[in-house]
Amino acid sequence: MSTEDEVSVCANCGKGEEESGKLKSCTACKLVKYCSRECQIAHRPQHKRECRRRAAELHDEKLFKQPPP
């Protein structure tokens with residue numbers, strides 16, 4: 001199943017895109033989505049450790065990516 005086929009839901013409250021409108025991805029790690037700023041703030045304590053780890057991985061990938069010829 002590809003990511004386009006997955007049903008997106010808010011990581012905090014579980015509302016889907018059909019209920020809450022467009023979900024926004026975490027800007028640091030891109031792993032989770034939120035329906036509102038309030039949900040993002042409420043979920044932050046549970047998400048913080050994984051977010052920092054993934055953000056560091058993304059930074060390393062970008063840093064060491066080979067430039068196009």
# chains A, B, ... in the order shown; residues from 1 in each chain; ligands from 1
$ closest_atom_pairs --of "segment 3-31 of chain A" --to "segment 45-67 of chain A" --cutoff "8 Å" --atoms "only C-alpha atoms" --output "tab-separated table"
residue	atom	partner	partner_atom	distance
A:Ala28	CA	A:Ala55	CA	5.5
A:Cys29	CA	A:Ala55	CA	4.7
A:Leu31	CA	A:Cys51	CA	7.8
$ select_by_dssp --residues "segment 4-64 of chain A" --states "helix (DSSP H, G or I)" --output "ChimeraX atom specification"
/A:17-20,37-63
$ residues_around --residues "Ser36 of chain A" --least-positions-apart "6" --cutoff "9 Å" --atoms "only C-alpha atoms" --output "PyMOL selection string"
chain A and resi 10+20+23-24
$ write_last_selection --atoms "N, CA and C atoms" --output "PDB file, in the first residue's frame"
ATOM      1  N   CYS A  10      -5.458  12.678  12.097  1.00  0.00           N
ATOM      2  CA  CYS A  10      -4.730  13.502  13.057  1.00  0.00           C
ATOM      3  C   CYS A  10      -4.084  12.592  14.095  1.00  0.00           C
ATOM      4  N   SER A  20     -11.990  16.917   9.254  1.00  0.00           N
ATOM      5  CA  SER A  20     -11.327  18.131   9.711  1.00  0.00           C
ATOM      6  C   SER A  20     -10.762  18.990   8.598  1.00  0.00           C
ATOM      7  N   LEU A  23      -5.188  18.072   6.523  1.00  0.00           N
ATOM      8  CA  LEU A  23      -4.275  17.844   7.633  1.00  0.00           C
ATOM      9  C   LEU A  23      -2.898  18.372   7.257  1.00  0.00           C
ATOM     10  N   LYS A  24      -2.177  18.896   8.252  1.00  0.00           N
ATOM     11  CA  LYS A  24      -0.845  19.429   8.013  1.00  0.00           C
ATOM     12  C   LYS A  24       0.192  18.524   8.671  1.00  0.00           C
TER      13      LYS A  24
END
$ residues_around --residues "His43 of chain A" --least-positions-apart "5" --cutoff "10 Å" --atoms "only C-alpha atoms" --output "VMD selection string"
chain A and resid 10 to 13 34 37 to 38 48
$ select_by_dssp --residues "chain A" --states "strand (DSSP E or B)" --output "compact mmCIF listing (two decimals) with N, CA and C atoms, in the first residue's frame"
# COMPACT_ATOMS: atom_id res chain seq x y z
N VAL A 9 -4.99 10.59 9.23
CA VAL A 9 -5.75 11.00 10.41
C VAL A 9 -4.84 11.83 11.31
N GLY A 16 -10.15 12.29 10.63
CA GLY A 16 -9.64 12.13 9.28
C GLY A 16 -9.78 13.41 8.48
N LYS A 24 -2.18 18.90 8.25
CA LYS A 24 -0.84 19.43 8.01
C LYS A 24 0.19 18.52 8.67
N SER A 25 1.26 18.23 7.93
CA SER A 25 2.33 17.36 8.44
C SER A 25 3.19 18.13 9.44
N LYS A 33 0.58 13.82 11.05
CA LYS A 33 -0.23 14.93 10.59
C LYS A 33 -1.17 15.37 11.70
N TYR A 34 -1.54 16.65 11.65
CA TYR A 34 -2.43 17.23 12.66
C TYR A 34 -3.53 18.04 11.99
$ atom_distance --atom1 "atom CA of Glu17 of chain A" --atom2 "atom CA of Arg44 of chain A"
20.2 Å
$ decode --residues "segment 13-61 of chain A" --atoms "N, CA and C atoms" --output "PDB file, in the first residue's frame"
ATOM      1  N   CYS A  13      -6.076  13.573  17.766  1.00  0.00           N
ATOM      2  CA  CYS A  13      -7.497  13.308  18.011  1.00  0.00           C
ATOM      3  C   CYS A  13      -8.074  12.212  17.128  1.00  0.00           C
ATOM      4  N   GLY A  14      -7.377  11.840  16.060  1.00  0.00           N
ATOM      5  CA  GLY A  14      -7.846  10.765  15.194  1.00  0.00           C
ATOM      6  C   GLY A  14      -8.839  11.171  14.132  1.00  0.00           C
ATOM      7  N   LYS A  15      -9.128  12.468  13.993  1.00  0.00           N
ATOM      8  CA  LYS A  15     -10.039  12.920  12.947  1.00  0.00           C
ATOM      9  C   LYS A  15      -9.374  12.742  11.591  1.00  0.00           C
ATOM     10  N   GLY A  16     -10.147  12.294  10.635  1.00  0.00           N
ATOM     11  CA  GLY A  16      -9.644  12.129   9.282  1.00  0.00           C
ATOM     12  C   GLY A  16      -9.779  13.411   8.485  1.00  0.00           C
ATOM     13  N   GLU A  17      -9.190  13.409   7.287  1.00  0.00           N
ATOM     14  CA  GLU A  17      -9.272  14.593   6.435  1.00  0.00           C
ATOM     15  C   GLU A  17     -10.705  14.945   6.072  1.00  0.00           C
ATOM     16  N   GLU A  18     -11.572  13.930   5.948  1.00  0.00           N
ATOM     17  CA  GLU A  18     -12.959  14.211   5.600  1.00  0.00           C
ATOM     18  C   GLU A  18     -13.694  14.927   6.725  1.00  0.00           C
ATOM     19  N   GLU A  19     -13.260  14.754   7.965  1.00  0.00           N
ATOM     20  CA  GLU A  19     -13.900  15.401   9.107  1.00  0.00           C
ATOM     21  C   GLU A  19     -13.318  16.783   9.396  1.00  0.00           C
ATOM     22  N   SER A  20     -11.990  16.917   9.254  1.00  0.00           N
ATOM     23  CA  SER A  20     -11.327  18.131   9.711  1.00  0.00           C
ATOM     24  C   SER A  20     -10.762  18.990   8.598  1.00  0.00           C
ATOM     25  N   GLY A  21     -10.927  18.587   7.370  1.00  0.00           N
ATOM     26  CA  GLY A  21     -10.330  19.341   6.276  1.00  0.00           C
ATOM     27  C   GLY A  21      -8.910  18.871   6.024  1.00  0.00           C
ATOM     28  N   LYS A  22      -8.083  19.736   5.494  1.00  0.00           N
ATOM     29  CA  LYS A  22      -6.713  19.374   5.147  1.00  0.00           C
ATOM     30  C   LYS A  22      -5.862  19.227   6.401  1.00  0.00           C
ATOM     31  N   LEU A  23      -5.188  18.072   6.523  1.00  0.00           N
ATOM     32  CA  LEU A  23      -4.275  17.844   7.633  1.00  0.00           C
ATOM     33  C   LEU A  23      -2.898  18.372   7.257  1.00  0.00           C
ATOM     34  N   LYS A  24      -2.177  18.896   8.252  1.00  0.00           N
ATOM     35  CA  LYS A  24      -0.845  19.429   8.013  1.00  0.00           C
ATOM     36  C   LYS A  24       0.192  18.524   8.671  1.00  0.00           C
ATOM     37  N   SER A  25       1.257  18.225   7.934  1.00  0.00           N
ATOM     38  CA  SER A  25       2.325  17.364   8.440  1.00  0.00           C
ATOM     39  C   SER A  25       3.186  18.130   9.436  1.00  0.00           C
ATOM     40  N   CYS A  26       3.785  17.395  10.340  1.00  0.00           N
ATOM     41  CA  CYS A  26       4.784  17.964  11.245  1.00  0.00           C
ATOM     42  C   CYS A  26       5.896  18.526  10.364  1.00  0.00           C
ATOM     43  N   THR A  27       6.245  19.776  10.548  1.00  0.00           N
ATOM     44  CA  THR A  27       7.217  20.415   9.672  1.00  0.00           C
ATOM     45  C   THR A  27       8.634  19.900   9.880  1.00  0.00           C
ATOM     46  N   ALA A  28       8.929  19.345  11.042  1.00  0.00           N
ATOM     47  CA  ALA A  28      10.279  18.868  11.308  1.00  0.00           C
ATOM     48  C   ALA A  28      10.522  17.467  10.769  1.00  0.00           C
ATOM     49  N   CYS A  29       9.617  16.540  11.037  1.00  0.00           N
ATOM     50  CA  CYS A  29       9.881  15.134  10.706  1.00  0.00           C
ATOM     51  C   CYS A  29       9.034  14.594   9.559  1.00  0.00           C
ATOM     52  N   LYS A  30       7.925  15.225   9.255  1.00  0.00           N
ATOM     53  CA  LYS A  30       7.018  14.799   8.179  1.00  0.00           C
ATOM     54  C   LYS A  30       6.385  13.422   8.420  1.00  0.00           C
ATOM     55  N   LEU A  31       6.457  12.906   9.643  1.00  0.00           N
ATOM     56  CA  LEU A  31       5.929  11.575   9.944  1.00  0.00           C
ATOM     57  C   LEU A  31       4.461  11.569  10.328  1.00  0.00           C
ATOM     58  N   VAL A  32       4.010  12.591  11.021  1.00  0.00           N
ATOM     59  CA  VAL A  32       2.633  12.615  11.515  1.00  0.00           C
ATOM     60  C   VAL A  32       1.919  13.845  10.980  1.00  0.00           C
ATOM     61  N   LYS A  33       0.580  13.817  11.050  1.00  0.00           N
ATOM     62  CA  LYS A  33      -0.232  14.930  10.587  1.00  0.00           C
ATOM     63  C   LYS A  33      -1.169  15.371  11.703  1.00  0.00           C
ATOM     64  N   TYR A  34      -1.543  16.648  11.650  1.00  0.00           N
ATOM     65  CA  TYR A  34      -2.434  17.234  12.658  1.00  0.00           C
ATOM     66  C   TYR A  34      -3.532  18.036  11.987  1.00  0.00           C
ATOM     67  N   CYS A  35      -4.698  18.061  12.626  1.00  0.00           N
ATOM     68  CA  CYS A  35      -5.823  18.820  12.089  1.00  0.00           C
ATOM     69  C   CYS A  35      -5.781  20.275  12.537  1.00  0.00           C
ATOM     70  N   SER A  36      -5.076  20.551  13.641  1.00  0.00           N
ATOM     71  CA  SER A  36      -5.010  21.922  14.138  1.00  0.00           C
ATOM     72  C   SER A  36      -3.738  22.129  14.957  1.00  0.00           C
ATOM     73  N   ARG A  37      -3.427  23.370  15.183  1.00  0.00           N
ATOM     74  CA  ARG A  37      -2.268  23.729  16.013  1.00  0.00           C
ATOM     75  C   ARG A  37      -2.469  23.213  17.441  1.00  0.00           C
ATOM     76  N   GLU A  38      -3.688  23.250  17.931  1.00  0.00           N
ATOM     77  CA  GLU A  38      -3.980  22.788  19.289  1.00  0.00           C
ATOM     78  C   GLU A  38      -3.658  21.297  19.435  1.00  0.00           C
ATOM     79  N   CYS A  39      -4.014  20.499  18.416  1.00  0.00           N
ATOM     80  CA  CYS A  39      -3.708  19.064  18.456  1.00  0.00           C
ATOM     81  C   CYS A  39      -2.198  18.830  18.405  1.00  0.00           C
ATOM     82  N   GLN A  40      -1.503  19.640  17.614  1.00  0.00           N
ATOM     83  CA  GLN A  40      -0.050  19.494  17.528  1.00  0.00           C
ATOM     84  C   GLN A  40       0.602  19.782  18.882  1.00  0.00           C
ATOM     85  N   ILE A  41       0.159  20.827  19.540  1.00  0.00           N
ATOM     86  CA  ILE A  41       0.708  21.184  20.854  1.00  0.00           C
ATOM     87  C   ILE A  41       0.380  20.108  21.878  1.00  0.00           C
ATOM     88  N   ALA A  42      -0.845  19.588  21.866  1.00  0.00           N
ATOM     89  CA  ALA A  42      -1.250  18.560  22.822  1.00  0.00           C
ATOM     90  C   ALA A  42      -0.475  17.257  22.621  1.00  0.00           C
ATOM     91  N   HIS A  43      -0.116  16.938  21.385  1.00  0.00           N
ATOM     92  CA  HIS A  43       0.573  15.681  21.069  1.00  0.00           C
ATOM     93  C   HIS A  43       2.084  15.782  21.220  1.00  0.00           C
ATOM     94  N   ARG A  44       2.607  16.981  21.345  1.00  0.00           N
ATOM     95  CA  ARG A  44       4.057  17.214  21.365  1.00  0.00           C
ATOM     96  C   ARG A  44       4.811  16.368  22.387  1.00  0.00           C
ATOM     97  N   PRO A  45       4.368  16.234  23.636  1.00  0.00           N
ATOM     98  CA  PRO A  45       5.138  15.433  24.588  1.00  0.00           C
ATOM     99  C   PRO A  45       5.358  13.979  24.147  1.00  0.00           C
ATOM    100  N   GLN A  46       4.358  13.363  23.513  1.00  0.00           N
ATOM    101  CA  GLN A  46       4.501  11.989  23.044  1.00  0.00           C
ATOM    102  C   GLN A  46       5.342  11.916  21.774  1.00  0.00           C
ATOM    103  N   HIS A  47       5.333  12.958  20.978  1.00  0.00           N
ATOM    104  CA  HIS A  47       5.962  12.948  19.652  1.00  0.00           C
ATOM    105  C   HIS A  47       7.408  13.466  19.653  1.00  0.00           C
ATOM    106  N   LYS A  48       7.788  14.205  20.667  1.00  0.00           N
ATOM    107  CA  LYS A  48       9.040  14.947  20.663  1.00  0.00           C
ATOM    108  C   LYS A  48      10.282  14.101  20.393  1.00  0.00           C
ATOM    109  N   ARG A  49      10.441  12.983  21.073  1.00  0.00           N
ATOM    110  CA  ARG A  49      11.649  12.160  20.930  1.00  0.00           C
ATOM    111  C   ARG A  49      11.785  11.592  19.510  1.00  0.00           C
ATOM    112  N   GLU A  50      10.710  10.999  18.980  1.00  0.00           N
ATOM    113  CA  GLU A  50      10.738  10.433  17.631  1.00  0.00           C
ATOM    114  C   GLU A  50      10.925  11.537  16.588  1.00  0.00           C
ATOM    115  N   CYS A  51      10.320  12.677  16.813  1.00  0.00           N
ATOM    116  CA  CYS A  51      10.432  13.796  15.887  1.00  0.00           C
ATOM    117  C   CYS A  51      11.882  14.259  15.777  1.00  0.00           C
ATOM    118  N   ARG A  52      12.544  14.427  16.896  1.00  0.00           N
ATOM    119  CA  ARG A  52      13.946  14.870  16.872  1.00  0.00           C
ATOM    120  C   ARG A  52      14.831  13.862  16.155  1.00  0.00           C
ATOM    121  N   ARG A  53      14.597  12.572  16.389  1.00  0.00           N
ATOM    122  CA  ARG A  53      15.401  11.530  15.748  1.00  0.00           C
ATOM    123  C   ARG A  53      15.205  11.577  14.233  1.00  0.00           C
ATOM    124  N   ARG A  54      13.953  11.640  13.792  1.00  0.00           N
ATOM    125  CA  ARG A  54      13.675  11.647  12.354  1.00  0.00           C
ATOM    126  C   ARG A  54      14.154  12.943  11.691  1.00  0.00           C
ATOM    127  N   ALA A  55      14.012  14.071  12.369  1.00  0.00           N
ATOM    128  CA  ALA A  55      14.488  15.342  11.826  1.00  0.00           C
ATOM    129  C   ALA A  55      15.999  15.303  11.630  1.00  0.00           C
ATOM    130  N   ALA A  56      16.729  14.683  12.554  1.00  0.00           N
ATOM    131  CA  ALA A  56      18.178  14.542  12.411  1.00  0.00           C
ATOM    132  C   ALA A  56      18.514  13.648  11.219  1.00  0.00           C
ATOM    133  N   GLU A  57      17.758  12.572  11.027  1.00  0.00           N
ATOM    134  CA  GLU A  57      17.973  11.694   9.869  1.00  0.00           C
ATOM    135  C   GLU A  57      17.747  12.453   8.567  1.00  0.00           C
ATOM    136  N   LEU A  58      16.676  13.227   8.499  1.00  0.00           N
ATOM    137  CA  LEU A  58      16.389  13.994   7.292  1.00  0.00           C
ATOM    138  C   LEU A  58      17.479  15.021   7.010  1.00  0.00           C
ATOM    139  N   HIS A  59      17.990  15.645   8.072  1.00  0.00           N
ATOM    140  CA  HIS A  59      19.062  16.611   7.920  1.00  0.00           C
ATOM    141  C   HIS A  59      20.322  15.936   7.374  1.00  0.00           C
ATOM    142  N   ASP A  60      20.665  14.784   7.917  1.00  0.00           N
ATOM    143  CA  ASP A  60      21.844  14.042   7.450  1.00  0.00           C
ATOM    144  C   ASP A  60      21.689  13.624   5.995  1.00  0.00           C
ATOM    145  N   GLU A  61      20.501  13.146   5.620  1.00  0.00           N
ATOM    146  CA  GLU A  61      20.256  12.744   4.229  1.00  0.00           C
ATOM    147  C   GLU A  61      20.439  13.932   3.293  1.00  0.00           C
TER     148      GLU A  61
END
